[in-house]
$ cat coords-v3.cif   # mmCIF, C-alpha atoms
data_start
#
loop_
_atom_site.label_atom_id
_atom_site.label_comp_id
_atom_site.auth_asym_id
_atom_site.auth_seq_id
_atom_site.Cartn_x
_atom_site.Cartn_y
_atom_site.Cartn_z
CA MET A 209 0.00 0.00 0.00
CA SER A 210 1.90 3.02 -1.32
CA LYS A 211 1.64 6.08 -3.53
CA VAL A 212 4.72 7.45 -5.30
CA LYS A 213 5.29 9.52 -8.43
CA ASP A 214 6.69 6.85 -10.76
CA PRO A 215 7.19 3.17 -9.78
CA LYS A 216 9.46 2.70 -12.82
CA LEU A 217 12.17 4.75 -11.05
CA ALA A 218 12.75 1.95 -8.52
CA GLY A 219 15.83 0.58 -10.29
CA GLU A 220 17.69 3.88 -10.08
CA GLY A 221 16.62 4.30 -6.47
CA LYS A 222 17.96 0.90 -5.48
CA LYS A 223 21.38 1.75 -6.91
CA LYS A 224 21.51 4.88 -4.75
CA ILE A 225 20.37 2.98 -1.65
CA ALA A 226 23.13 0.43 -2.23
CA TRP A 227 25.64 3.30 -2.34
CA ALA A 228 24.33 4.63 0.97
CA GLU A 229 24.50 1.18 2.57
CA ASP A 230 28.15 0.94 1.57
CA HIS A 231 28.80 4.26 3.33
CA MET A 232 26.76 3.62 6.50
CA PRO A 233 28.60 0.71 8.20
CA VAL A 234 27.36 1.57 11.70
CA LEU A 235 23.70 1.41 10.76
CA MET A 236 24.37 -1.76 8.77
CA ARG A 237 25.94 -3.32 11.88
CA ILE A 238 22.77 -2.46 13.82
CA ARG A 239 20.71 -3.94 10.99
CA GLU A 240 22.54 -7.24 11.34
CA GLU A 241 21.69 -7.30 15.05
CA PHE A 242 18.08 -6.35 14.37
CA ARG A 243 17.72 -9.03 11.70
CA LYS A 244 18.95 -11.65 14.16
CA ASP A 245 17.13 -10.55 17.34
CA LYS A 246 13.94 -8.94 15.92
CA PRO A 247 13.72 -6.38 18.79
CA LEU A 248 10.93 -4.45 17.05
CA LYS A 249 8.66 -7.42 16.40
CA GLY A 250 5.00 -6.50 16.80
CA LEU A 251 5.56 -2.75 16.41
CA THR A 252 4.13 -0.44 13.78
CA ILE A 253 6.32 2.60 13.18
CA ALA A 254 5.03 5.71 11.38
CA ALA A 255 7.82 7.92 10.06
CA CYS A 256 7.65 11.43 8.60
CA LEU A 257 11.18 12.02 7.30
CA HIS A 258 13.01 13.38 4.26
CA VAL A 259 12.83 10.58 1.70
CA THR A 260 16.49 10.12 0.78
CA LYS A 261 18.74 7.14 0.18
CA GLU A 262 19.91 7.35 3.81
CA THR A 263 16.33 7.29 5.08
CA ALA A 264 15.78 4.19 2.95
CA VAL A 265 18.61 2.44 4.80
CA LEU A 266 16.89 3.27 8.10
CA MET A 267 13.50 2.02 6.87
CA ARG A 268 15.02 -1.28 5.77
CA THR A 269 16.73 -1.59 9.15
CA LEU A 270 13.48 -1.04 11.07
CA ARG A 271 11.70 -3.56 8.85
CA ASP A 272 14.46 -6.14 9.36
CA GLY A 273 14.08 -5.57 13.10
CA GLY A 274 10.54 -6.89 12.86
CA ALA A 275 8.52 -3.66 12.59
CA ALA A 276 5.79 -2.77 10.12
CA VAL A 277 6.86 0.57 8.68
CA GLY A 278 5.04 3.48 7.06
CA LEU A 279 6.80 6.55 5.64
CA CYS A 280 5.74 9.95 4.33
CA GLY A 281 7.90 12.90 3.35
CA SER A 282 8.56 15.64 5.90
CA ASN A 283 8.93 18.44 3.36
CA PRO A 284 7.24 19.04 -0.03
CA LEU A 285 10.54 19.34 -1.91
CA SER A 286 12.79 16.87 -0.10
CA THR A 287 11.43 13.58 -1.46
CA GLN A 288 13.65 11.85 -4.02
CA ASP A 289 11.19 10.06 -6.27
CA ASP A 290 13.48 7.22 -7.28
CA ILE A 291 14.10 6.40 -3.61
CA ALA A 292 10.36 6.46 -2.89
CA ALA A 293 9.76 4.07 -5.80
CA ALA A 294 12.46 1.70 -4.57
CA LEU A 295 10.97 1.62 -1.06
CA ALA A 296 7.51 0.94 -2.45
CA GLU A 297 8.92 -1.98 -4.42
CA ASP A 298 10.59 -3.18 -1.21
CA GLY A 299 7.17 -3.41 0.43
CA ILE A 300 7.52 -0.34 2.64
CA ASN A 301 4.21 1.56 3.01
CA ILE A 302 5.27 4.89 1.53
CA PHE A 303 3.26 7.94 0.54
CA ALA A 304 5.60 10.58 -0.85
CA TRP A 305 6.52 12.42 -4.03
CA ARG A 306 8.43 15.62 -4.74
CA GLY A 307 6.28 18.72 -5.13
CA VAL A 308 3.23 17.74 -3.10
CA SER A 309 0.68 20.46 -2.42
CA ASN A 310 -0.23 21.33 1.15
CA ASP A 311 -3.38 19.17 0.94
CA GLU A 312 -1.45 16.27 -0.58
CA TYR A 313 1.21 16.58 2.11
CA TYR A 314 -1.29 16.09 4.91
CA TRP A 315 -3.09 13.37 2.95
CA CYS A 316 0.21 11.46 2.98
CA VAL A 317 0.55 12.07 6.72
CA ASP A 318 -2.94 10.68 7.25
CA GLN A 319 -2.22 7.55 5.19
CA VAL A 320 0.77 6.74 7.38
CA LEU A 321 -1.24 7.38 10.54
CA ASN A 322 -3.98 5.07 9.26
CA LEU A 323 -1.54 2.23 9.98
CA LYS A 324 -2.23 2.91 13.69
CA PRO A 325 1.38 3.29 14.81
CA ASN A 326 2.89 2.35 18.17
CA ILE A 327 5.88 4.65 17.62
CA THR A 328 6.15 7.90 15.65
CA MET A 329 9.37 9.08 14.05
CA ASP A 330 9.31 12.76 13.13
CA ASP A 331 11.51 15.29 11.35
CA GLY A 332 9.75 18.56 12.13
CA GLY A 333 6.91 17.31 14.30
CA ASP A 334 4.04 16.98 11.83
CA LEU A 335 3.02 13.45 12.86
CA VAL A 336 2.84 14.39 16.53
CA ALA A 337 1.04 17.66 15.79
CA THR A 338 -1.54 15.88 13.62
CA ILE A 339 -2.14 13.15 16.20
CA HIS A 340 -2.59 15.67 19.02
CA SER A 341 -4.93 17.92 17.02
CA LYS A 342 -6.89 15.72 14.60
CA ARG A 343 -6.15 12.04 15.28
CA THR A 344 -6.41 11.77 19.05
CA ASP A 345 -8.04 8.36 18.63
CA LEU A 346 -4.56 7.01 17.90
CA LEU A 347 -3.06 8.04 21.26
CA LYS A 348 -4.14 4.83 22.99
CA ASN A 349 -1.88 2.77 20.71
CA ILE A 350 1.26 4.89 21.01
CA ILE A 351 4.25 3.96 23.19
CA GLY A 352 6.34 6.99 22.30
CA GLY A 353 8.09 8.86 19.53
CA THR A 354 11.40 10.23 18.32
CA GLU A 355 12.24 13.61 16.78
CA GLU A 356 15.10 14.26 14.37
CA THR A 357 15.45 18.03 14.21
CA THR A 358 15.55 21.27 16.20
CA THR A 359 12.24 22.58 14.84
CA GLY A 360 10.30 19.59 16.14
CA ILE A 361 11.96 19.67 19.54
CA ILE A 362 11.07 23.35 19.94
CA ARG A 363 7.44 22.36 19.31
CA PHE A 364 7.48 19.42 21.70
CA ARG A 365 9.18 21.23 24.56
CA SER A 366 6.49 23.88 24.25
CA MET A 367 3.83 21.15 24.36
CA GLU A 368 5.49 19.61 27.41
CA LYS A 369 5.57 22.98 29.16
CA ASP A 370 1.85 23.42 28.49
CA LYS A 371 1.16 19.81 29.60
CA ALA A 372 -0.26 19.16 26.13
CA LEU A 373 2.16 16.36 25.21
CA LYS A 374 0.36 13.02 25.47
CA TYR A 375 3.24 10.58 25.02
CA PRO A 376 7.03 10.55 25.57
CA ILE A 377 9.36 11.82 22.86
CA ILE A 378 13.09 11.10 22.59
CA SER A 379 15.05 14.03 21.21
CA VAL A 380 17.38 12.35 18.74
CA ASN A 381 18.32 15.88 17.70
CA ASP A 382 20.04 16.48 21.03
CA ALA A 383 22.21 13.35 20.99
CA TYR A 384 25.87 14.34 20.82
CA THR A 385 26.34 11.96 17.90
CA LYS A 386 23.57 13.82 16.11
CA HIS A 387 23.78 17.56 16.70
CA LEU A 388 27.57 17.78 16.88
CA PHE A 389 27.92 15.99 13.56
CA ASP A 390 24.71 15.91 11.50
CA ASN A 391 23.78 19.52 12.28
CA ARG A 392 27.28 20.92 11.99
CA TYR A 393 29.12 18.85 9.39
CA GLY A 394 26.10 17.54 7.50
CA THR A 395 24.18 20.83 7.24
CA GLY A 396 27.37 22.78 6.62
CA GLN A 397 28.43 20.69 3.63
CA SER A 398 25.00 20.00 2.15
CA THR A 399 23.90 23.65 2.36
CA ILE A 400 26.93 24.76 0.39
CA ASP A 401 26.22 21.89 -2.00
CA GLY A 402 22.65 23.12 -2.55
CA ILE A 403 23.78 26.68 -3.22
CA MET A 404 26.49 25.56 -5.63
CA ARG A 405 24.25 23.15 -7.56
CA SER A 406 21.50 25.70 -8.04
CA THR A 407 23.59 28.81 -8.77
CA SER A 408 27.22 27.76 -9.48
CA VAL A 409 28.30 31.19 -8.18
CA LEU A 410 31.81 31.77 -6.90
CA LEU A 411 31.77 31.84 -3.10
CA ALA A 412 35.31 33.18 -2.68
CA GLY A 413 35.25 36.87 -1.85
CA LYS A 414 31.48 37.02 -1.36
CA ASN A 415 29.88 38.43 1.78
CA PHE A 416 28.08 35.36 3.09
CA VAL A 417 25.47 36.07 5.80
CA VAL A 418 24.42 33.26 8.15
CA GLY A 419 21.25 33.87 10.17
CA GLY A 420 21.59 31.95 13.43
CA TYR A 421 24.66 30.43 15.09
CA GLY A 422 23.36 27.17 16.48
CA MET A 423 25.00 23.94 15.40
CA CYS A 424 23.63 24.23 11.86
CA GLY A 425 24.69 27.86 11.55
CA LYS A 426 28.16 27.03 12.85
CA GLY A 427 28.57 24.35 10.21
CA ILE A 428 27.39 26.63 7.40
CA ALA A 429 29.61 29.51 8.54
CA THR A 430 32.69 27.27 8.80
CA ARG A 431 32.18 25.71 5.37
CA ALA A 432 31.49 29.08 3.74
CA ARG A 433 34.73 30.44 5.21
CA GLY A 434 36.50 27.37 3.85
CA MET A 435 35.27 28.33 0.38
CA GLY A 436 36.81 31.78 0.77
CA SER A 437 33.72 33.76 1.71
CA ASN A 438 33.71 36.70 4.09
CA VAL A 439 31.27 35.33 6.66
CA ILE A 440 28.89 37.51 8.67
CA VAL A 441 26.76 36.05 11.46
CA THR A 442 23.50 37.50 12.79
CA GLU A 443 22.10 36.35 16.15
CA VAL A 444 19.62 37.22 18.90
CA ASP A 445 21.38 35.15 21.57
CA PRO A 446 24.24 37.19 23.12
CA VAL A 447 26.26 34.10 24.08
CA ARG A 448 26.08 32.63 20.58
CA ALA A 449 26.86 36.04 19.08
CA LEU A 450 29.93 36.28 21.29
CA GLU A 451 30.96 32.76 20.30
CA ALA A 452 30.70 33.65 16.60
CA TYR A 453 32.82 36.74 17.23
CA MET A 454 35.45 34.70 19.09
CA ASP A 455 35.40 32.16 16.23
CA GLY A 456 36.57 34.94 13.95
CA PHE A 457 33.34 35.89 12.17
CA ARG A 458 31.89 39.36 11.79
CA VAL A 459 28.76 39.77 13.89
CA MET A 460 26.08 42.36 13.25
CA SER A 461 22.33 42.81 13.02
CA MET A 462 20.46 41.58 9.96
CA SER A 463 19.59 45.19 9.19
CA GLU A 464 23.28 46.01 8.81
CA ALA A 465 24.17 42.74 7.08
CA ALA A 466 21.38 43.27 4.54
CA LYS A 467 23.24 46.28 3.12
CA ILE A 468 26.41 44.36 2.25
CA GLY A 469 25.50 40.67 1.92
CA ASP A 470 25.80 38.78 -1.37
CA ILE A 471 24.44 35.44 -0.13
CA PHE A 472 22.05 34.98 2.82
CA VAL A 473 21.32 31.65 4.51
CA THR A 474 18.92 31.29 7.44
CA ALA A 475 19.32 28.45 9.93
CA SER A 476 17.51 29.35 13.14
CA GLY A 477 14.27 27.37 13.42
CA ASP A 478 12.33 30.63 13.83
CA LYS A 479 10.23 32.70 11.45
CA ASP A 480 10.94 35.99 9.67
CA LEU A 481 14.72 36.26 10.00
CA ILE A 482 14.69 38.01 6.65
CA ARG A 483 11.81 40.45 6.27
CA LYS A 484 10.65 43.29 4.06
CA GLU A 485 12.86 45.90 5.73
CA HIS A 486 15.91 43.75 5.08
CA MET A 487 15.04 42.95 1.47
CA GLU A 488 14.59 46.64 0.66
CA LYS A 489 18.21 47.26 1.72
CA MET A 490 19.78 44.38 -0.21
CA LYS A 491 21.96 44.90 -3.25
CA SER A 492 20.66 43.75 -6.61
CA GLY A 493 21.59 40.14 -7.30
CA ALA A 494 21.58 39.00 -3.66
CA ILE A 495 20.85 35.29 -3.17
CA LEU A 496 18.49 34.11 -0.42
CA ALA A 497 18.43 30.54 0.89
CA ASN A 498 17.08 28.73 3.94
CA SER A 499 18.45 25.68 5.76
CA GLY A 500 15.82 25.63 8.50
CA HIS A 501 13.18 22.92 8.41
CA PHE A 502 10.17 25.04 7.40
CA ASN A 503 9.95 27.76 4.74
CA VAL A 504 9.17 30.49 7.25
CA GLU A 505 12.61 31.95 7.96
CA ILE A 506 12.51 34.12 4.84
CA ASN A 507 9.22 36.00 4.63
CA ILE A 508 8.24 35.01 1.12
CA LYS A 509 4.90 36.86 1.17
CA GLU A 510 6.70 40.12 1.88
CA LEU A 511 9.22 39.36 -0.87
CA GLU A 512 6.34 38.85 -3.29
CA SER A 513 4.67 42.07 -2.12
CA LEU A 514 7.83 44.02 -3.00
CA SER A 515 8.09 42.44 -6.44
CA ALA A 516 6.79 43.53 -9.81
CA SER A 517 7.35 40.02 -11.20
CA LYS A 518 8.97 36.68 -10.50
CA SER A 519 10.21 33.91 -12.76
CA THR A 520 12.12 30.66 -12.56
CA VAL A 521 15.47 31.33 -14.22
CA LYS A 522 16.95 27.86 -13.62
CA PRO A 523 16.01 24.82 -11.52
CA ASN A 524 15.51 25.85 -7.88
CA VAL A 525 16.24 29.53 -8.60
CA GLU A 526 13.45 32.13 -8.69
CA GLU A 527 14.21 35.69 -9.74
CA PHE A 528 12.17 38.41 -8.03
CA ARG A 529 12.22 41.75 -9.84
CA LEU A 530 11.49 44.36 -7.19
CA ARG A 531 9.60 47.53 -7.97
CA ASN A 532 12.70 49.51 -7.00
CA GLY A 533 14.52 47.94 -9.96
CA LYS A 534 16.64 45.45 -8.00
CA LYS A 535 16.67 41.68 -8.44
CA LEU A 536 16.72 39.12 -5.61
CA TYR A 537 17.12 35.37 -6.08
CA LEU A 538 15.34 32.82 -3.89
CA LEU A 539 16.59 29.23 -3.83
CA GLY A 540 14.39 26.15 -3.47
CA GLU A 541 11.21 28.18 -2.85
CA GLY A 542 12.65 29.13 0.53
CA ARG A 543 12.58 25.51 1.67
CA LEU A 544 15.60 23.75 3.13
CA VAL A 545 18.12 24.28 0.36
CA ASN A 546 20.28 21.26 1.12
CA LEU A 547 17.41 18.93 0.23
CA ALA A 548 15.39 21.06 -2.18
CA ALA A 549 18.43 21.75 -4.36
CA ALA A 550 20.80 18.92 -3.42
CA GLU A 551 20.77 15.40 -1.95
CA GLY A 552 20.88 16.23 1.76
CA HIS A 553 23.57 15.19 4.19
CA PRO A 554 26.36 12.76 3.32
CA SER A 555 25.65 9.13 4.19
CA GLU A 556 28.61 8.99 6.56
CA VAL A 557 27.11 11.55 8.92
CA MET A 558 23.51 10.37 8.57
CA GLN A 559 24.49 6.91 9.77
CA MET A 560 24.96 8.35 13.26
CA SER A 561 21.61 10.16 13.33
CA PHE A 562 19.73 7.15 11.99
CA SER A 563 21.56 4.72 14.26
CA ASN A 564 20.19 6.83 17.11
CA GLN A 565 16.72 6.55 15.59
CA ALA A 566 16.93 2.77 15.29
CA LEU A 567 18.26 2.19 18.80
CA CYS A 568 15.80 4.65 20.33
CA THR A 569 12.83 2.77 18.87
CA LYS A 570 14.18 -0.36 20.57
CA TYR A 571 14.59 1.62 23.81
CA LEU A 572 11.01 2.89 23.64
CA LYS A 573 9.68 -0.64 23.26
CA GLU A 574 11.80 -1.92 26.14
CA ASN A 575 10.60 0.92 28.39
CA LYS A 576 6.92 0.81 27.41
CA GLY A 577 4.83 2.34 30.21
CA GLY A 578 7.87 3.51 32.16
CA LEU A 579 8.32 6.97 30.63
CA GLU A 580 6.42 10.17 31.40
CA ASN A 581 4.82 12.38 28.77
CA LYS A 582 7.82 14.62 28.25
CA VAL A 583 10.85 15.13 26.02
CA TYR A 584 13.82 12.91 26.89
CA ASN A 585 17.43 13.04 25.77
CA VAL A 586 18.88 10.00 24.05
CA PRO A 587 20.24 7.65 26.75
CA LYS A 588 23.97 8.23 27.19
CA GLU A 589 24.80 4.59 26.61
CA ILE A 590 23.25 4.75 23.13
CA ASP A 591 25.18 7.91 22.28
CA ILE A 592 28.47 6.38 23.45
CA ARG A 593 27.85 3.11 21.64
CA ILE A 594 27.25 4.90 18.35
CA ALA A 595 30.41 6.99 18.81
CA ASN A 596 32.44 3.83 19.48
CA LEU A 597 30.97 2.01 16.50
CA THR A 598 31.68 5.00 14.25
CA LEU A 599 35.30 5.18 15.41
CA LYS A 600 35.69 1.44 14.87
CA ALA A 601 34.26 1.69 11.37
CA ALA A 602 36.80 4.45 10.63
CA GLY A 603 39.65 2.28 11.93
CA ILE A 604 40.39 4.62 14.83
CA GLU A 605 41.57 3.37 18.23
CA ILE A 606 41.39 5.53 21.34
CA ASP A 607 42.85 5.23 24.84
CA THR A 608 41.06 3.75 27.83
CA LEU A 609 41.41 4.76 31.46
CA SER A 610 43.61 2.63 33.69
CA PRO A 611 42.07 1.57 37.03
CA GLU A 612 44.25 4.17 38.76
CA GLN A 613 43.11 6.94 36.40
CA LYS A 614 39.47 6.02 36.84
CA LYS A 615 39.87 5.98 40.64
CA TYR A 616 41.55 9.39 40.55
CA LEU A 617 38.68 10.92 38.56
CA GLU A 618 36.03 9.40 40.81
CA SER A 619 37.55 10.26 44.19
CA TRP A 620 38.16 13.44 46.13
CA GLN A 621 40.53 12.12 48.76
CA GLU A 622 43.76 12.34 46.73
CA GLY A 623 43.72 16.14 46.60
CA THR A 624 46.59 17.75 44.71
#

$ encode --input "coords-v3.cif" --output "structure tokens"
Amino acid sequence: MSKVKDPKLAGEGKKKIAWAEDHMPVLMRIREEFRKDKPLKGLTIAACLHVTKETAVLMRTLRDGGAAVGLCGSNPLSTQDDIAAALAEDGINIFAWRGVSNDEYYWCVDQVLNLKPNITMDDGGDLVATIHSKRTDLLKNIIGGTEETTTGIIRFRSMEKDKALKYPIISVNDAYTKHLFDNRYGTGQSTIDGIMRSTSVLLAGKNFVVGGYGMCGKGIATRARGMGSNVIVTEVDPVRALEAYMDGFRVMSMSEAAKIGDIFVTASGDKDLIRKEHMEKMKSGAILANSGHFNVEINIKELESLSASKSTVKPNVEEFRLRNGKKLYLLGEGRLVNLAAAEGHPSEVMQMSFSNQALCTKYLKENKGGLENKVYNVPKEIDIRIANLTLKAAGIEIDTLSPEQKKYLESWQEGT
């Protein structure tokens, strides 16, 4: 039971999935364990994730662990249709195609929820939000859920604070082996990839403005500097702003950055980082892109209100001709540029995020009924295990504490 754009694309999708499997040895090791032990037997897992070759490796792993799996896309432009076709041919219940309308998007969400899941797996929080607002009949079946990204966790912590959250959520996003690597190295590289694929502009010498200096913003800023850009960071958090300054970046308000920026990338998880008053100050030819989960960080309605016309000048590049005579370019319709205009994160970094997802579903089953309705961090032992497996896969050995060293760290009697 699936709906995809073109089932005939399955062959191409399977080739890409095979490539990802070759570059995700940690998740493949977990798959071997899951195939043998079937720790997810009897579970139905509903996932709302970006449909990429790496996500396909996770879906196969969950299935081999004994779960029935349903998948829909978590963003209208992030589904790779050949991957969706391959998963459908594999027998995964998938409802996803690139370019879904808003109504189609939520139809796909509903089809996955019709499977009556025991565990939800979100990237942005749309499954949980839909269950809590429109599908409350499903709550009685649900053990818990996981969340992949900052945007979803912001939502769920707000729900927890308001006592509106009706089942426990594990914040995969906050695992060290996720946010220190996926958010920083994955988003950094794939965002630059999306900008380069869609525009092919020279980054060296350009004023490159990064809106937000969380882990994603740090990765983008570092990679842009590595390409020779003059990086400017905008922030509302004084500690993060100070950190960006100490890291060697220029820090200023968006109002000031708007006057001199050539390329703007938002990565904050909040709305309206770039607004009308900023767009009016921008130089003609400025490029606008977003790496946050939802297309709200650049106020597209205000951009349209300033424009006399807009046109698609090349794939994933829209030219807005402003009434003041300037031109601004929006990438990927303001959606997350690393997936709208590229392939998303490298497989090597996604294996850590998705290994967390796989092991956290097992943890939720093992702790059924023992968790409160709140947001939990990934258990430390899972985080450490994934780090060790990743080091082993890379052929890296590290030191271990001697008994004397461990005793020294755990005691207070030895003094100086």

$ residues_around --input "coords-v3.cif" --residues "stretch 261-271 of chain A" --least-positions-apart "5" --cutoff "7 Å" --atoms "all atoms listed in the file" --output "PyMOL selection string"
chain A and resi 224-225+228-229+239+276-277+291+295+555+558+562+566

$ atom_distance --input "coords-v3.cif" --atom1 "atom CA of A:Gly552" --atom2 "atom CA of A:Cys568"
22.5 Å

$ atom_distance --input "coords-v3.cif" --atom1 "atom CA of A:Ala549" --atom2 "atom CA of A:Ala432"
17.0 Å

$ closest_residue --input "coords-v3.cif" --among "A:Lys342, A:Arg431, A:Arg543, A:Lys348" --to "A:Thr395" --atoms "all atoms listed in the file"
A:Arg431

$ closest_residue --input "coords-v3.cif" --among "A:Asp214, A:Asp478, A:Glu443, A:Asp390" --to "A:Ala293" --atoms "only C-alpha atoms"
A:Asp214

$ resolve_selection --input "coords-v3.cif" --expression "the PyMOL selection byres ((chain A and resi 299-310) around 9)" --output "number ranges by chain"
A: 209-214, 259, 267-268, 271, 276-289, 292-298, 311-317, 319-320

$ closest_residue --input "coords-v3.cif" --among "A:Glu556, A:Thr359, A:Val447, A:Ala516" --to "A:Val504" --atoms "all atoms listed in the file"
A:Thr359

$ closest_residue --input "coords-v3.cif" --among "A:Ile471, A:Met367, A:Leu321, A:Ile403" --to "A:Leu347" --atoms "all atoms listed in the file"
A:Leu321

$ residues_around --input "coords-v3.cif" --residues "stretch 434-442 of chain A" --least-positions-apart "2" --cutoff "9 Å" --atoms "only C-alpha atoms" --output "list in words"
Leu410, Leu411, Ala412, Gly413, Lys414, Asn415, Phe416, Val417, Val418, Gly419, Gly420, Tyr421, Gly425, Ala429, Thr430, Arg431, Ala432, Val444, Ala449, Ala452, Tyr453, Phe457, Arg458, Val459, Met460, Ser461, Met462, Ala465 and Gly469 of chain A

$ write_last_selection --input "coords-v3.cif" --atoms "C-alpha atoms" --output "PDB file, keeping the file's coordinate frame"
ATOM      1  CA  LEU A 410      31.810  31.770  -6.900  1.00  0.00           C
ATOM      2  CA  LEU A 411      31.770  31.840  -3.100  1.00  0.00           C
ATOM      3  CA  ALA A 412      35.310  33.180  -2.680  1.00  0.00           C
ATOM      4  CA  GLY A 413      35.250  36.870  -1.850  1.00  0.00           C
ATOM      5  CA  LYS A 414      31.480  37.020  -1.360  1.00  0.00           C
ATOM      6  CA  ASN A 415      29.880  38.430   1.780  1.00  0.00           C
ATOM      7  CA  PHE A 416      28.080  35.360   3.090  1.00  0.00           C
ATOM      8  CA  VAL A 417      25.470  36.070   5.800  1.00  0.00           C
ATOM      9  CA  VAL A 418      24.420  33.260   8.150  1.00  0.00           C
ATOM     10  CA  GLY A 419      21.250  33.870  10.170  1.00  0.00           C
ATOM     11  CA  GLY A 420      21.590  31.950  13.430  1.00  0.00           C
ATOM     12  CA  TYR A 421      24.660  30.430  15.090  1.00  0.00           C
ATOM     13  CA  GLY A 425      24.690  27.860  11.550  1.00  0.00           C
ATOM     14  CA  ALA A 429      29.610  29.510   8.540  1.00  0.00           C
ATOM     15  CA  THR A 430      32.690  27.270   8.800  1.00  0.00           C
ATOM     16  CA  ARG A 431      32.180  25.710   5.370  1.00  0.00           C
ATOM     17  CA  ALA A 432      31.490  29.080   3.740  1.00  0.00           C
ATOM     18  CA  VAL A 444      19.620  37.220  18.900  1.00  0.00           C
ATOM     19  CA  ALA A 449      26.860  36.040  19.080  1.00  0.00           C
ATOM     20  CA  ALA A 452      30.700  33.650  16.600  1.00  0.00           C
ATOM     21  CA  TYR A 453      32.820  36.740  17.230  1.00  0.00           C
ATOM     22  CA  PHE A 457      33.340  35.890  12.170  1.00  0.00           C
ATOM     23  CA  ARG A 458      31.890  39.360  11.790  1.00  0.00           C
ATOM     24  CA  VAL A 459      28.760  39.770  13.890  1.00  0.00           C
ATOM     25  CA  MET A 460      26.080  42.360  13.250  1.00  0.00           C
ATOM     26  CA  SER A 461      22.330  42.810  13.020  1.00  0.00           C
ATOM     27  CA  MET A 462      20.460  41.580   9.960  1.00  0.00           C
ATOM     28  CA  ALA A 465      24.170  42.740   7.080  1.00  0.00           C
ATOM     29  CA  GLY A 469      25.500  40.670   1.920  1.00  0.00           C
TER      30      GLY A 469
END

$ closest_residue --input "coords-v3.cif" --among "A:Pro376, A:Lys369, A:Thr260, A:Gln565" --to "A:Gly578" --atoms "all atoms listed in the file"
A:Pro376

$ residues_around --input "coords-v3.cif" --residues "A:Ser379" --least-positions-apart "2" --cutoff "8 Å" --atoms "only C-alpha atoms" --output "JSON, numbers by chain"
{"A": [354, 355, 356, 361, 377, 381, 382, 383, 583, 584, 585, 586]}

$ decode --input "coords-v3.cif" --residues "stretch 286-297 of chain A" --atoms "N, CA and C atoms" --output "compact mmCIF listing (two decimals), in the first residue's frame"
# COMPACT_ATOMS: atom_id res chain seq x y z
N SER A 286 11.64 17.67 -0.49
CA SER A 286 12.79 16.87 -0.10
C SER A 286 12.71 15.40 -0.51
N THR A 287 11.56 14.98 -1.04
CA THR A 287 11.43 13.58 -1.46
C THR A 287 12.18 13.34 -2.77
N GLN A 288 12.97 12.29 -2.79
CA GLN A 288 13.65 11.85 -4.02
C GLN A 288 12.81 10.71 -4.60
N ASP A 289 12.21 10.96 -5.75
CA ASP A 289 11.19 10.06 -6.27
C ASP A 289 11.70 8.67 -6.60
N ASP A 290 12.96 8.56 -6.99
CA ASP A 290 13.48 7.22 -7.28
C ASP A 290 13.65 6.41 -5.99
N ILE A 291 13.99 7.09 -4.90
CA ILE A 291 14.10 6.40 -3.61
C ILE A 291 12.72 5.95 -3.14
N ALA A 292 11.73 6.83 -3.28
CA ALA A 292 10.36 6.46 -2.89
C ALA A 292 9.89 5.24 -3.67
N ALA A 293 10.17 5.21 -4.97
CA ALA A 293 9.76 4.07 -5.80
C ALA A 293 10.45 2.79 -5.36
N ALA A 294 11.72 2.89 -5.02
CA ALA A 294 12.46 1.70 -4.57
C ALA A 294 11.89 1.16 -3.26
N LEU A 295 11.55 2.05 -2.34
CA LEU A 295 10.97 1.62 -1.06
C LEU A 295 9.60 0.98 -1.27
N ALA A 296 8.82 1.54 -2.16
CA ALA A 296 7.51 0.94 -2.45
C ALA A 296 7.68 -0.47 -2.99
N GLU A 297 8.66 -0.65 -3.87
CA GLU A 297 8.92 -1.98 -4.42
C GLU A 297 9.44 -2.94 -3.35
